[in-house]
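Visitor: One structure, pasted below without further comment.
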Amino acid sequence: MSRKEPAATDGGEAQIVLAQFQSADGDKTGPPLSLAADITAEQLSILINKFLENEETHPYSFYVGEKEVVRSIQTDILEGDGRSAEETLVIEYRPQAFFKVRAVTRCSSSLTGHTEAVLSVSFSPDGTQLASGSGDTTVRIWDLDTETPRFTCSGHRNWVLSIAWSPDGKVLASGSMDNTVRLWDPQTGKPIGGALAGHRKWITALAWEPAHIGTSASRLASSSKDGTVRVWDVVRGRCLFTLAGHTAAVTCVKWGGDGRIYTGSQDKSIKIWNTDGSLHRTLTGHAHWVNTLAFSTDHVLRTGAYDHTGKEPADRDEAQKMALKRYNESKGKRPERLVSGSDDFTMFLWDPLNSTKPIARLTGHQKVVNHVSYSPDGRLIASASFDNSVKLWDGLTGKFIASLRGHVAAVYQVCWSADSRMLLSASKDSTLKIWDLRTKKMKLELPGHADEVFTVDWSPGGDRVVSGGKDRVLKIWKH
């Protein structure tokens, strides 16, 4: 530490504090230390990298209790948080992403072609492909190198409400108001087989089986307004089984990292299903429709074998191994957590496999909670509401952190940058906003859409954002 010895304060010697480093999983690291109180976050970083004997310097953030050390222990903890210098401070270090995503600042393309509102946009797991679904009954696939239209996939007879990429990016699924699911080959834009029919009402959501589970069949779950979820074998194009048990529309379906299927419904409940189609358990507590579900591991479930570099696995086995490694690293020692958002203005945080009781009830929104999303590192939850605000919550405890205010109409969707340092929100007010998670303030406003922005996605590599909405235009944003 010789080069960076903290300077003495004006009163002579710097105040000394006793400190103990601790990992996010609660393991003590190194001996208790006597540190000068004016030690900075950079100096703490040098220390912890020494203790952990990291070959290259890893970036960390440091917390004492709920409070982050941004400037120094003296400023943030002793003065800012009113902690006593007499007590031993437990300093929790949290690893941060090695790579940094730059905020997108400009619209690089406005892609026209859809003749009705754009209802969903999605980058493929490796970030190299882009698709959109629209009220004009088509799915479109766009060329990201030239930012031009590539294929128009026609076949649905009504609005395309949702789209979902398979974990290997080789199949695109779409769910429609015409009660069917269709599969497309993104390399040709041609349909794969016929429509997957069986639902009696429209399709509300789609979820692929995660890449790391490694069953040979590719399986896809579709939820419907008819109160059921169907699980499809996409290779043979047939329904394997139907999950029936909800007494009202199923609004969302998720395929968890544990292999089970999770559904949220307008019957106010969340159900967890085993992959043989039997019911595992039901989570109750919401007083109105469940609109949205998110897992703490959503980012790795979505990207599978692909990290931010987009390196291609050699074959299916290697892809499964890479996906499993990434999933286990993301999950850590803790169980996968689930958050649900509802029309009752609240959210619940669950440890769904270990308890039917929620970890916490998250209250504060004044209107319907439309969308919830976990940060890629699993530490934060963001919620979008019709009360014009985005709120941030602690991903482990559910504790409220901050309200992000700036939108002047309902917020429809939020999505995270791959490094968890920024959040993007899309609103009825026709703007996108980028929020800085360190300052909890708006970093940038991205105007440009002529009407409500329904859907937004940030590419897994962080280099592009895509947005779509009522003005029928897809906008691509870059740094």
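A note on labels: chains of the structure tokens are A, B, ... as shown, every chain counts residues from 1, and ligands are counted from 1 in their shown order.
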Using DSSP secondary structure from the backbone, list all alpha helix (DSSP H) positions within range 267-402 of chain A, as an MDAnalysis selection string.
Guide: chainID A and resid 298:303 316:331
Visitor: Give me, as a count of residues only, the residues of range 71-271 of chain A that a backbone DSSP run labels strand (DSSP E).
Guide: 88
Visitor: Counting only C-alpha atoms, give me one row per residue of range 109-194 of chain A with an atom at most 12 Å from an atom of range 450-474 of chain A, showing the shortest contact pair and its distance in Å to one decimal, sorted by chain then residue number, as a tab-separated table.
Guide:
```
residue	atom	partner	partner_atom	distance
A:Ser109	CA	A:Leu474	CA	8.1
A:Ser110	CA	A:Leu474	CA	5.7
A:Leu111	CA	A:Leu474	CA	4.9
A:Thr112	CA	A:Val473	CA	5.1
A:Gly113	CA	A:Val473	CA	7.5
A:His114	CA	A:Arg472	CA	5.6
A:Thr115	CA	A:Arg472	CA	6.3
A:Glu116	CA	A:Arg472	CA	5.5
A:Ala117	CA	A:Lys470	CA	4.4
A:Val118	CA	A:Gly469	CA	4.7
A:Leu119	CA	A:Phe454	CA	6.2
A:Ser120	CA	A:Thr455	CA	5.5
A:Val121	CA	A:Thr455	CA	6.3
A:Ser122	CA	A:Asp457	CA	5.9
A:Phe123	CA	A:Ser459	CA	5.8
A:Ser124	CA	A:Ser459	CA	8.1
A:Pro125	CA	A:Pro460	CA	6.9
A:Asp126	CA	A:Pro460	CA	6.7
A:Gly127	CA	A:Ser459	CA	5.4
A:Thr128	CA	A:Ser459	CA	8.5
A:Gln129	CA	A:Ser459	CA	9.4
A:Leu130	CA	A:Val466	CA	8.6
A:Ala131	CA	A:Val466	CA	9.9
A:Ser132	CA	A:Leu474	CA	8.3
A:Gly133	CA	A:Gly468	CA	9.6
A:Ser134	CA	A:Arg472	CA	8.1
A:Gly135	CA	A:Arg472	CA	9.1
A:Asp136	CA	A:Arg472	CA	9.4
A:Arg140	CA	A:Leu474	CA	10.6
A:Ile141	CA	A:Leu474	CA	11.4
A:Trp142	CA	A:Leu474	CA	10.0
A:Leu144	CA	A:Arg464	CA	9.6
A:Asp145	CA	A:Arg464	CA	11.6
A:Glu147	CA	A:Leu474	CA	10.3
A:Thr148	CA	A:Leu474	CA	10.6
A:Pro149	CA	A:Leu474	CA	10.5
A:Leu161	CA	A:Thr455	CA	11.1
A:Ser162	CA	A:Thr455	CA	10.5
A:Ile163	CA	A:Thr455	CA	11.6
```
Visitor: Fewer than 5 positions away in the same chain doesn't count, so skip those; otherwise give me all residues within 10 Å of Lys268 in chain A, counting only C-alpha atoms, as a ChimeraX atom specification.
Guide: /A:246-250,283-291,342-344
Visitor: Write a file of the selected residues as a compact mmCIF listing (two decimals), in the first residue's frame, keeping all heavy atoms.
Guide:
```
# COMPACT_ATOMS: atom_id res chain seq x y z
N HIS A 246 -54.68 -23.44 -13.84
CA HIS A 246 -55.10 -22.06 -13.61
C HIS A 246 -56.57 -21.90 -13.97
O HIS A 246 -57.07 -22.56 -14.90
CB HIS A 246 -54.24 -21.10 -14.46
CG HIS A 246 -52.87 -20.86 -13.90
ND1 HIS A 246 -52.65 -20.26 -12.68
CD2 HIS A 246 -51.65 -21.15 -14.41
CE1 HIS A 246 -51.34 -20.17 -12.47
NE2 HIS A 246 -50.71 -20.71 -13.50
N THR A 247 -57.25 -21.01 -13.25
CA THR A 247 -58.69 -20.83 -13.50
C THR A 247 -58.98 -19.57 -14.31
O THR A 247 -60.12 -19.18 -14.48
CB THR A 247 -59.45 -20.76 -12.17
OG1 THR A 247 -58.87 -19.72 -11.37
CG2 THR A 247 -59.34 -22.07 -11.41
N ALA A 248 -57.92 -18.92 -14.80
CA ALA A 248 -58.09 -17.73 -15.66
C ALA A 248 -56.89 -17.67 -16.60
O ALA A 248 -56.01 -18.53 -16.55
CB ALA A 248 -58.19 -16.46 -14.80
N ALA A 249 -56.84 -16.63 -17.43
CA ALA A 249 -55.76 -16.48 -18.42
C ALA A 249 -54.38 -16.60 -17.77
O ALA A 249 -54.15 -16.09 -16.67
CB ALA A 249 -55.89 -15.13 -19.09
N VAL A 250 -53.48 -17.28 -18.47
CA VAL A 250 -52.06 -17.32 -18.05
C VAL A 250 -51.37 -16.16 -18.76
O VAL A 250 -51.37 -16.09 -19.99
CB VAL A 250 -51.40 -18.66 -18.41
CG1 VAL A 250 -49.96 -18.68 -17.93
CG2 VAL A 250 -52.18 -19.83 -17.81
N LEU A 283 -47.98 -20.60 -5.61
CA LEU A 283 -47.60 -19.45 -4.77
C LEU A 283 -48.76 -18.45 -4.81
O LEU A 283 -49.14 -17.98 -5.88
CB LEU A 283 -46.33 -18.78 -5.30
CG LEU A 283 -45.11 -19.69 -5.51
CD1 LEU A 283 -43.95 -18.91 -6.11
CD2 LEU A 283 -44.67 -20.35 -4.21
N THR A 284 -49.30 -18.14 -3.65
CA THR A 284 -50.43 -17.20 -3.60
C THR A 284 -50.08 -16.02 -2.71
O THR A 284 -49.20 -16.11 -1.85
CB THR A 284 -51.70 -17.88 -3.06
OG1 THR A 284 -51.39 -18.45 -1.78
CG2 THR A 284 -52.18 -18.97 -3.99
N GLY A 285 -50.80 -14.92 -2.90
CA GLY A 285 -50.54 -13.72 -2.10
C GLY A 285 -50.99 -12.47 -2.81
O GLY A 285 -51.45 -11.52 -2.20
N HIS A 286 -50.88 -12.47 -4.13
CA HIS A 286 -51.32 -11.29 -4.88
C HIS A 286 -52.84 -11.14 -4.81
O HIS A 286 -53.58 -12.13 -4.77
CB HIS A 286 -50.88 -11.37 -6.35
CG HIS A 286 -49.45 -10.97 -6.56
ND1 HIS A 286 -48.97 -9.72 -6.24
CD2 HIS A 286 -48.39 -11.68 -7.04
CE1 HIS A 286 -47.68 -9.66 -6.53
NE2 HIS A 286 -47.30 -10.84 -7.01
N ALA A 287 -53.29 -9.89 -4.78
CA ALA A 287 -54.73 -9.61 -4.66
C ALA A 287 -55.37 -9.30 -6.02
O ALA A 287 -56.54 -8.96 -6.09
CB ALA A 287 -54.93 -8.42 -3.72
N HIS A 288 -54.57 -9.39 -7.08
CA HIS A 288 -55.10 -9.11 -8.42
C HIS A 288 -54.24 -9.89 -9.42
O HIS A 288 -53.34 -10.62 -9.02
CB HIS A 288 -55.05 -7.60 -8.69
CG HIS A 288 -56.12 -7.10 -9.62
ND1 HIS A 288 -56.37 -7.69 -10.83
CD2 HIS A 288 -57.01 -6.07 -9.52
CE1 HIS A 288 -57.35 -7.05 -11.44
NE2 HIS A 288 -57.77 -6.06 -10.67
N TRP A 289 -54.49 -9.70 -10.72
CA TRP A 289 -53.77 -10.41 -11.77
C TRP A 289 -52.25 -10.35 -11.58
O TRP A 289 -51.70 -9.31 -11.21
CB TRP A 289 -54.06 -9.76 -13.13
CG TRP A 289 -55.49 -9.79 -13.55
CD1 TRP A 289 -56.52 -10.45 -12.96
CD2 TRP A 289 -56.04 -9.09 -14.68
NE1 TRP A 289 -57.68 -10.22 -13.65
CE2 TRP A 289 -57.42 -9.39 -14.72
CE3 TRP A 289 -55.50 -8.26 -15.67
CZ2 TRP A 289 -58.27 -8.87 -15.70
CZ3 TRP A 289 -56.34 -7.75 -16.63
CH2 TRP A 289 -57.71 -8.06 -16.65
N VAL A 290 -51.59 -11.47 -11.87
CA VAL A 290 -50.12 -11.48 -11.95
C VAL A 290 -49.76 -11.17 -13.41
O VAL A 290 -50.22 -11.85 -14.33
CB VAL A 290 -49.55 -12.85 -11.53
CG1 VAL A 290 -48.04 -12.86 -11.66
CG2 VAL A 290 -49.97 -13.19 -10.10
N ASN A 291 -48.98 -10.12 -13.62
CA ASN A 291 -48.66 -9.66 -14.98
C ASN A 291 -47.31 -10.10 -15.49
O ASN A 291 -47.10 -10.21 -16.69
CB ASN A 291 -48.65 -8.12 -15.02
CG ASN A 291 -50.01 -7.53 -14.79
OD1 ASN A 291 -51.00 -8.12 -15.18
ND2 ASN A 291 -50.06 -6.38 -14.14
N SER A 342 -47.78 -7.30 -10.20
CA SER A 342 -49.22 -7.51 -10.30
C SER A 342 -50.02 -6.24 -10.52
O SER A 342 -49.56 -5.13 -10.27
CB SER A 342 -49.69 -8.21 -9.02
OG SER A 342 -51.08 -8.14 -8.84
N ASP A 343 -51.28 -6.44 -10.92
CA ASP A 343 -52.25 -5.36 -11.01
C ASP A 343 -52.64 -4.82 -9.63
O ASP A 343 -53.35 -3.83 -9.55
CB ASP A 343 -53.51 -5.86 -11.73
CG ASP A 343 -53.51 -5.48 -13.22
OD1 ASP A 343 -52.41 -5.32 -13.76
OD2 ASP A 343 -54.59 -5.36 -13.82
N ASP A 344 -52.20 -5.53 -8.56
CA ASP A 344 -52.52 -5.03 -7.21
C ASP A 344 -51.52 -3.96 -6.74
O ASP A 344 -51.50 -3.60 -5.57
CB ASP A 344 -52.60 -6.18 -6.19
CG ASP A 344 -51.26 -6.87 -5.95
OD1 ASP A 344 -50.23 -6.36 -6.43
OD2 ASP A 344 -51.24 -7.91 -5.27
```
Visitor: Mind giving me the straight-line distance from CA of Met322 in chain A to CA of Pro210 in chain A in Å, one decimal?
Guide: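 These two atoms are separated by 12.1 Å.
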Visitor: Taking 5 positions as the minimum chain separation for residues in the same chain, which residues sit within 7 Å of range 193-200 of chain A when counting only C-alpha atoms? Answer as an MDAnalysis selection string.
Guide: chainID A and resid 179:182 224 226 237
Visitor: Keeping only C-alpha atoms, write the selected residues to a file as an mmCIF file, in the first residue's frame.
Guide:
```cif
data_model
loop_
_atom_site.group_PDB
_atom_site.id
_atom_site.type_symbol
_atom_site.label_atom_id
_atom_site.label_comp_id
_atom_site.auth_asym_id
_atom_site.auth_seq_id
_atom_site.Cartn_x
_atom_site.Cartn_y
_atom_site.Cartn_z
ATOM 1 C CA ASN A 179 -54.213 -18.919 -31.123
ATOM 2 C CA THR A 180 -51.172 -20.525 -32.794
ATOM 3 C CA VAL A 181 -47.411 -20.670 -32.317
ATOM 4 C CA ARG A 182 -45.188 -20.671 -35.401
ATOM 5 C CA SER A 224 -52.476 -18.623 -23.398
ATOM 6 C CA ASP A 226 -57.334 -19.973 -22.428
ATOM 7 C CA GLY A 237 -43.947 -30.171 -34.115
#
```
Visitor: Hey, can you check how far CA of Phe386 in chain A sits from CA of Val369 in chain A?
Guide: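 Result for CA of Phe386 in chain A versus CA of Val369 in chain A: 6.7 Å, one decimal.
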